[in-house]
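Pasted below: query07.cif, mmCIF, C-alpha atoms and all ligand atoms.
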data_run
loop_
_atom_site.group_PDB
_atom_site.id
_atom_site.type_symbol
_atom_site.label_atom_id
_atom_site.label_comp_id
_atom_site.auth_asym_id
_atom_site.auth_seq_id
_atom_site.Cartn_x
_atom_site.Cartn_y
_atom_site.Cartn_z
ATOM 1 C CA MET A 1 18.729 5.578 13.982
ATOM 2 C CA PRO A 2 15.656 7.708 14.530
ATOM 3 C CA ALA A 3 13.014 8.117 11.827
ATOM 4 C CA ILE A 4 9.680 9.761 11.280
ATOM 5 C CA ILE A 5 7.109 8.307 8.901
ATOM 6 C CA VAL A 6 4.734 10.682 7.171
ATOM 7 C CA ASP A 7 1.988 10.146 4.667
ATOM 8 C CA ILE A 8 2.169 12.527 1.691
ATOM 9 C CA ASP A 9 -1.248 13.625 0.463
ATOM 10 C CA GLU A 10 -3.034 16.018 2.798
ATOM 11 C CA THR A 11 -0.261 15.396 5.325
ATOM 12 C CA VAL A 12 2.695 17.163 3.694
ATOM 13 C CA LEU A 13 1.319 17.985 0.232
ATOM 14 C CA ASP A 14 -1.879 19.986 -0.143
ATOM 15 C CA ASN A 15 -3.864 18.770 -3.134
ATOM 16 C CA SER A 16 -6.872 21.002 -2.658
ATOM 17 C CA PRO A 17 -6.504 22.403 -6.218
ATOM 18 C CA TYR A 18 -7.282 18.910 -7.490
ATOM 19 C CA GLN A 19 -10.300 18.665 -5.195
ATOM 20 C CA ALA A 20 -11.434 22.117 -6.281
ATOM 21 C CA ARG A 21 -11.226 21.062 -9.903
ATOM 22 C CA LEU A 22 -13.465 18.069 -9.199
ATOM 23 C CA ILE A 23 -16.060 20.435 -7.769
ATOM 24 C CA GLN A 24 -15.748 22.760 -10.763
ATOM 25 C CA THR A 25 -16.123 19.951 -13.295
ATOM 26 C CA GLY A 26 -18.644 17.908 -11.328
ATOM 27 C CA ASP A 27 -16.385 14.878 -11.577
ATOM 28 C CA SER A 28 -15.453 12.498 -8.814
ATOM 29 C CA PHE A 29 -12.044 11.086 -7.962
ATOM 30 C CA ASP A 30 -10.533 9.230 -10.876
ATOM 31 C CA PRO A 31 -7.114 7.542 -10.795
ATOM 32 C CA LYS A 32 -6.370 8.942 -14.244
ATOM 33 C CA THR A 33 -7.031 12.614 -13.438
ATOM 34 C CA TRP A 34 -5.334 12.120 -10.079
ATOM 35 C CA ALA A 35 -2.190 10.768 -11.765
ATOM 36 C CA GLU A 36 -2.278 13.746 -14.139
ATOM 37 C CA TRP A 37 -2.430 16.128 -11.181
ATOM 38 C CA CYS A 38 0.448 14.309 -9.453
ATOM 39 C CA GLU A 39 2.491 14.588 -12.652
ATOM 40 C CA LEU A 40 2.214 18.389 -12.552
ATOM 41 C CA ALA A 41 4.161 18.398 -9.247
ATOM 42 C CA GLU A 42 2.415 21.618 -8.299
ATOM 43 C CA ALA A 43 1.030 20.778 -4.863
ATOM 44 C CA ASP A 44 1.866 23.239 -2.117
ATOM 45 C CA ALA A 45 3.023 22.230 1.348
ATOM 46 C CA VAL A 46 0.547 21.587 4.139
ATOM 47 C CA PRO A 47 1.153 24.493 6.559
ATOM 48 C CA GLY A 48 3.661 23.580 9.258
ATOM 49 C CA SER A 49 4.832 20.381 7.642
ATOM 50 C CA LEU A 50 7.862 21.825 5.916
ATOM 51 C CA ALA A 51 9.342 23.659 8.908
ATOM 52 C CA PHE A 52 8.691 20.675 11.145
ATOM 53 C CA LEU A 53 10.313 18.099 8.892
ATOM 54 C CA GLN A 54 13.255 20.365 8.110
ATOM 55 C CA ALA A 55 13.839 20.799 11.851
ATOM 56 C CA ALA A 56 13.656 17.033 12.388
ATOM 57 C CA ASP A 57 16.055 16.478 9.485
ATOM 58 C CA ALA A 58 18.501 18.981 10.990
ATOM 59 C CA LEU A 59 18.431 16.965 14.205
ATOM 60 C CA GLY A 60 19.457 13.824 12.315
ATOM 61 C CA VAL A 61 16.042 12.221 11.991
ATOM 62 C CA THR A 62 15.415 10.423 8.701
ATOM 63 C CA ILE A 63 12.061 11.242 7.134
ATOM 64 C CA PHE A 64 10.230 8.436 5.326
ATOM 65 C CA TYR A 65 7.312 9.279 3.060
ATOM 66 C CA ILE A 66 4.879 6.356 2.819
ATOM 67 C CA THR A 67 2.204 7.175 0.279
ATOM 68 C CA ASN A 68 -0.547 5.406 -1.597
ATOM 69 C CA ARG A 69 0.300 7.339 -4.698
ATOM 70 C CA ASP A 70 1.029 4.709 -7.335
ATOM 71 C CA ALA A 71 4.607 3.762 -8.148
ATOM 72 C CA PRO A 72 4.662 5.467 -11.603
ATOM 73 C CA SER A 73 4.148 8.817 -9.821
ATOM 74 C CA GLU A 74 7.436 8.573 -7.936
ATOM 75 C CA ALA A 75 9.521 10.926 -10.074
ATOM 76 C CA ALA A 76 6.889 13.670 -10.080
ATOM 77 C CA THR A 77 6.258 13.228 -6.365
ATOM 78 C CA ARG A 78 9.967 13.540 -5.595
ATOM 79 C CA LYS A 79 10.167 16.589 -7.837
ATOM 80 C CA ASN A 80 7.277 18.223 -5.975
ATOM 81 C CA LEU A 81 8.726 17.433 -2.532
ATOM 82 C CA LYS A 82 12.203 18.578 -3.545
ATOM 83 C CA ALA A 83 10.994 21.844 -5.066
ATOM 84 C CA LEU A 84 9.254 22.714 -1.807
ATOM 85 C CA GLY A 85 12.338 21.866 0.257
ATOM 86 C CA PHE A 86 11.172 18.701 1.985
ATOM 87 C CA PRO A 87 14.080 16.591 3.283
ATOM 88 C CA LEU A 88 14.965 13.717 0.974
ATOM 89 C CA ALA A 89 17.745 11.356 2.009
ATOM 90 C CA ASN A 90 20.526 10.788 -0.501
ATOM 91 C CA ASP A 91 21.686 7.415 0.734
ATOM 92 C CA CYS A 92 18.442 5.432 0.721
ATOM 93 C CA ASP A 93 14.974 5.482 -0.833
ATOM 94 C CA THR A 94 12.745 7.331 1.590
ATOM 95 C CA VAL A 95 9.801 7.888 -0.769
ATOM 96 C CA LEU A 96 7.897 4.604 -0.687
ATOM 97 C CA LEU A 97 4.955 4.389 -3.060
ATOM 98 C CA LYS A 98 2.230 1.797 -3.362
ATOM 99 C CA GLY A 99 3.170 -0.987 -5.759
ATOM 100 C CA GLU A 100 6.912 -0.303 -5.888
ATOM 101 C CA GLN A 101 7.344 -3.814 -4.468
ATOM 102 C CA PRO A 102 4.838 -6.682 -4.764
ATOM 103 C CA ASP A 103 3.853 -6.522 -1.086
ATOM 104 C CA TRP A 104 3.713 -2.740 -0.880
ATOM 105 C CA ASN A 105 -0.061 -2.524 -0.884
ATOM 106 C CA SER A 106 -2.434 0.136 0.309
ATOM 107 C CA ASP A 107 -2.458 -0.897 3.971
ATOM 108 C CA LYS A 108 1.169 0.306 4.297
ATOM 109 C CA ILE A 109 2.111 -2.444 6.799
ATOM 110 C CA ALA A 110 4.972 -3.916 4.768
ATOM 111 C CA ARG A 111 6.498 -0.493 4.207
ATOM 112 C CA ARG A 112 6.342 0.465 7.880
ATOM 113 C CA ALA A 113 7.888 -2.890 8.768
ATOM 114 C CA LEU A 114 10.721 -2.288 6.321
ATOM 115 C CA VAL A 115 11.535 1.068 7.916
ATOM 116 C CA ALA A 116 11.356 -0.510 11.379
ATOM 117 C CA GLU A 117 14.048 -3.029 10.436
ATOM 118 C CA ASP A 118 16.739 -0.354 10.524
ATOM 119 C CA TYR A 119 15.192 2.626 12.272
ATOM 120 C CA ARG A 120 13.537 3.541 15.526
ATOM 121 C CA ILE A 121 10.271 5.112 14.450
ATOM 122 C CA LEU A 122 9.653 8.150 16.619
ATOM 123 C CA PHE A 123 6.230 8.770 15.287
ATOM 124 C CA ILE A 124 3.881 8.618 12.342
ATOM 125 C CA ALA A 125 1.849 11.448 10.846
ATOM 126 C CA GLY A 126 -1.069 11.042 8.467
ATOM 127 C CA ASP A 127 -4.558 12.234 7.614
ATOM 128 C CA ASP A 128 -6.318 8.876 7.485
ATOM 129 C CA LEU A 129 -6.642 6.069 10.028
ATOM 130 C CA ASN A 130 -5.106 3.797 7.416
ATOM 131 C CA ASP A 131 -1.850 5.711 7.853
ATOM 132 C CA PHE A 132 -1.562 4.207 11.339
ATOM 133 C CA VAL A 133 -3.432 0.924 11.418
ATOM 134 C CA PRO A 134 -5.382 -0.843 8.681
ATOM 135 C CA GLY A 135 -8.779 -2.419 8.908
ATOM 136 C CA PHE A 136 -11.206 0.411 9.556
ATOM 137 C CA LYS A 137 -13.579 -1.031 7.030
ATOM 138 C CA THR A 138 -16.859 -0.931 8.899
ATOM 139 C CA ALA A 139 -19.825 0.568 7.077
ATOM 140 C CA ASP A 140 -21.056 2.035 10.354
ATOM 141 C CA PRO A 141 -19.568 5.427 11.304
ATOM 142 C CA ALA A 142 -20.435 4.918 14.984
ATOM 143 C CA GLN A 143 -18.635 1.585 14.988
ATOM 144 C CA ARG A 144 -15.665 3.227 13.294
ATOM 145 C CA LYS A 145 -15.529 5.757 16.094
ATOM 146 C CA ALA A 146 -15.739 2.978 18.688
ATOM 147 C CA ASP A 147 -13.029 0.969 16.921
ATOM 148 C CA VAL A 148 -10.578 3.856 16.955
ATOM 149 C CA ALA A 149 -11.083 4.441 20.679
ATOM 150 C CA GLN A 150 -8.855 1.482 21.490
ATOM 151 C CA TYR A 151 -5.940 3.393 19.966
ATOM 152 C CA ALA A 152 -6.662 6.666 21.770
ATOM 153 C CA ASP A 153 -3.452 6.528 23.791
ATOM 154 C CA HIS A 154 -1.346 6.715 20.628
ATOM 155 C CA PHE A 155 -2.921 9.835 19.166
ATOM 156 C CA GLY A 156 -1.187 13.090 19.943
ATOM 157 C CA LYS A 157 1.908 11.172 21.029
ATOM 158 C CA GLU A 158 3.492 8.790 18.546
ATOM 159 C CA TRP A 159 0.591 9.149 16.111
ATOM 160 C CA VAL A 160 -0.312 12.574 14.752
ATOM 161 C CA LEU A 161 -3.566 12.599 12.794
ATOM 162 C CA LEU A 162 -4.250 15.686 10.700
ATOM 163 C CA PRO A 163 -7.928 16.262 9.926
ATOM 164 C CA ASN A 164 -8.871 15.894 6.273
ATOM 165 C CA PRO A 165 -12.428 17.087 5.665
ATOM 166 C CA GLN A 166 -12.025 16.724 1.888
ATOM 167 C CA TYR A 167 -11.833 12.956 1.528
ATOM 168 C CA GLY A 168 -10.674 9.817 3.262
ATOM 169 C CA SER A 169 -11.696 6.376 4.407
ATOM 170 C CA TRP A 170 -14.318 8.026 6.642
ATOM 171 C CA GLU A 171 -16.269 9.029 3.566
ATOM 172 C CA ALA A 172 -16.993 5.453 2.484
ATOM 173 C CA SER A 173 -18.487 4.604 5.858
ATOM 174 C CA LEU A 174 -20.952 7.450 5.338
ATOM 175 C CA HIS A 175 -22.339 5.796 2.215
ATOM 176 C CA GLY A 176 -22.255 2.362 3.807
ATOM 177 C CA ARG A 177 -19.145 1.263 1.904
ATOM 178 C CA ASP A 178 -21.409 0.347 -0.980
ATOM 179 C CA PHE A 179 -19.065 0.816 -3.897
ATOM 180 C CA SER A 180 -21.689 -0.406 -6.346
ATOM 181 C CA LEU A 181 -23.609 2.851 -5.900
ATOM 182 C CA SER A 182 -23.493 5.474 -8.611
ATOM 183 C CA GLU A 183 -21.896 8.809 -7.742
ATOM 184 C CA ALA A 184 -25.383 10.354 -7.583
ATOM 185 C CA GLU A 185 -26.588 7.663 -5.175
ATOM 186 C CA LYS A 186 -23.496 8.093 -3.011
ATOM 187 C CA ARG A 187 -24.114 11.818 -2.916
ATOM 188 C CA VAL A 188 -27.686 11.304 -1.683
ATOM 189 C CA ARG A 189 -26.428 9.070 1.121
ATOM 190 C CA LEU A 190 -23.677 11.514 2.059
ATOM 191 C CA GLN A 191 -26.118 14.419 2.101
ATOM 192 C CA SER A 192 -28.420 12.439 4.378
ATOM 193 C CA ARG A 193 -25.578 12.440 6.910
ATOM 194 C CA LEU A 194 -25.226 16.215 6.991
ATOM 195 C CA ARG A 195 -26.400 17.800 10.198
ATOM 196 C CA GLY A 196 -27.188 21.360 11.184
ATOM 197 C CA TYR A 197 -27.310 22.903 7.762
ATOM 198 C CA SER A 198 -29.971 22.829 5.110
ATOM 199 C CA VAL A 199 -29.190 23.820 1.550
ATOM 200 C CA PRO A 200 -31.269 26.920 0.808
ATOM 201 C CA ASN A 201 -33.893 26.467 -1.888
HETATM 202 MG MG MG B 1 -3.081 11.255 2.954
#
As structure tokens - that is how I would like this structure written.
Ligand SMILES: [Mg+2]
Amino acid sequence: MPAIIVDIDETVLDNSPYQARLIQTGDSFDPKTWAEWCELAEADAVPGSLAFLQAADALGVTIFYITNRDAPSEAATRKNLKALGFPLANDCDTVLLKGEQPDWNSDKIARRALVAEDYRILFIAGDDLNDFVPGFKTADPAQRKADVAQYADHFGKEWVLLPNPQYGSWEASLHGRDFSLSEAEKRVRLQSRLRGYSVPN
């Protein structure tokens, strides 16, 4: 049986209102405010995703949603997907959240393997390298770029990577993956990486 695996956030659901709110309030990502946003089930669809997945569904392809939203957000996430018209299978659980099972951790390997037991995975779509292969944990952006080169043949074929300029695992490499830094210190490091534009005084 053919299947497609998609990530949810910034792949099929557009959470830019949440990101905009962080800018407005000056806050940074917080699991609590994120869960509150997820609970609203108000995300819009990423352009193109809905028509594409509906077409695949009509051709008999099962769509699996593998997301690092936390397990308690499942009902709201399903509600959001359903309201927008995303295909949701009736006969099996196709919305697989982090922590639903003990080994369903953030690297997504166990969940992909579970799908692969019964389905032929046609391709995977996501907005972060972690949606395809885990382990891009270098603190050096140049090394990260070099590391991904070995997978170049997959991209644009069985792996479709949507650009996410708002956030992602790339961001941590820009501050050296130093999670002990304060938000202000991280911001200084991130700003030092900006090229070609100076903030006017
Ligand atoms: Mg995502």
Expansion of the PyMOL selection byres (((not hetatm)) within 6 of (chain B and resi 1)) into residues, as number ranges by chain: A: 7-11, 126-127
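You can rank A:Cys38, A:Ile63, A:Leu174, A:Ala56 by their closest distance to Val6 of chain A using all atoms listed in the file, and at the top of that list sits A:Ile63.
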Would you place a box with edges along x, y and z of the file around all atoms of segment 71-74 of chain A listed there, add 5 Å to each of its six sides, and report the centre and edge lengths in Å to one decimal, as JSON?
{"center_x": 5.8, "center_y": 6.3, "center_z": -9.8, "size_x": 13.3, "size_y": 15.1, "size_z": 13.7}
One-decimal distance in Å that lies between atom CA of Ala76 of chain A and atom CA of Glu39 of chain A: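 The value is 5.2 Å.
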Contact residues around Lys108 of chain A with all atoms listed in the file at 10 Å, ignoring same-chain residues under 6 positions, as an MDAnalysis selection string: chainID A and resid 7 66:68 96:98 130:134
Shortest interatomic distance to Ala43 of chain A - which of A:Ser182, A:Gln24, A:Thr62, A:Gln19, counting only C-alpha atoms: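 Looking at the shortest contact to Ala43 of chain A, the residue is A:Gln19.
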Output of the PyMOL selection byres (((chain A and resi 189) around 12) and not hetatm), listed as a PyMOL selection string: chain A and resi 171-178+181-188+190-194
Nearest to Gln54 of chain A, chosen from A:Trp34, A:Phe155, A:Phe86, A:Phe136, with all atoms listed in the file counted in the distances: A:Phe86
Straight-line distance linking atom CA of Tyr65 of chain A with atom CA of Val95 of chain A, stated in Å to one decimal: 4.8 Å
d(atom CA of Arg195 of chain A, atom CA of Leu129 of chain A) in Å: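 Going from atom CA of Arg195 of chain A over to atom CA of Leu129 of chain A, I get 23.0 Å.
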I need the residue set behind the PyMOL selection byres (((chain A and resi 17) around 12) and not hetatm) for this file; please write it as a compact mmCIF listing (two decimals) with C-alpha atoms, keeping the file's coordinate frame.
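Wrote selection_35.txt, looks like this:
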# COMPACT_ATOMS: atom_id res chain seq x y z
CA GLU A 10 -3.03 16.02 2.80
CA LEU A 13 1.32 17.98 0.23
CA ASP A 14 -1.88 19.99 -0.14
CA ASN A 15 -3.86 18.77 -3.13
CA SER A 16 -6.87 21.00 -2.66
CA TYR A 18 -7.28 18.91 -7.49
CA GLN A 19 -10.30 18.66 -5.20
CA ALA A 20 -11.43 22.12 -6.28
CA ARG A 21 -11.23 21.06 -9.90
CA LEU A 22 -13.46 18.07 -9.20
CA ILE A 23 -16.06 20.43 -7.77
CA GLN A 24 -15.75 22.76 -10.76
CA TRP A 34 -5.33 12.12 -10.08
CA TRP A 37 -2.43 16.13 -11.18
CA CYS A 38 0.45 14.31 -9.45
CA LEU A 40 2.21 18.39 -12.55
CA ALA A 41 4.16 18.40 -9.25
CA GLU A 42 2.42 21.62 -8.30
CA ALA A 43 1.03 20.78 -4.86
CA ASP A 44 1.87 23.24 -2.12
CA GLN A 166 -12.02 16.72 1.89
Neighbours of Ile124 of chain A within 7 Å (all atoms listed in the file; same-chain residues fewer than 2 positions away dropped), as a PDB file with C-alpha atoms, keeping the file's coordinate frame?
ATOM      1  CA  ILE A   4       9.680   9.761  11.280  1.00  0.00           C
ATOM      2  CA  ILE A   5       7.109   8.307   8.901  1.00  0.00           C
ATOM      3  CA  VAL A   6       4.734  10.682   7.171  1.00  0.00           C
ATOM      4  CA  GLY A 126      -1.069  11.042   8.467  1.00  0.00           C
ATOM      5  CA  GLU A 158       3.492   8.790  18.546  1.00  0.00           C
ATOM      6  CA  TRP A 159       0.591   9.149  16.111  1.00  0.00           C
ATOM      7  CA  VAL A 160      -0.312  12.574  14.752  1.00  0.00           C
TER       8      VAL A 160
END
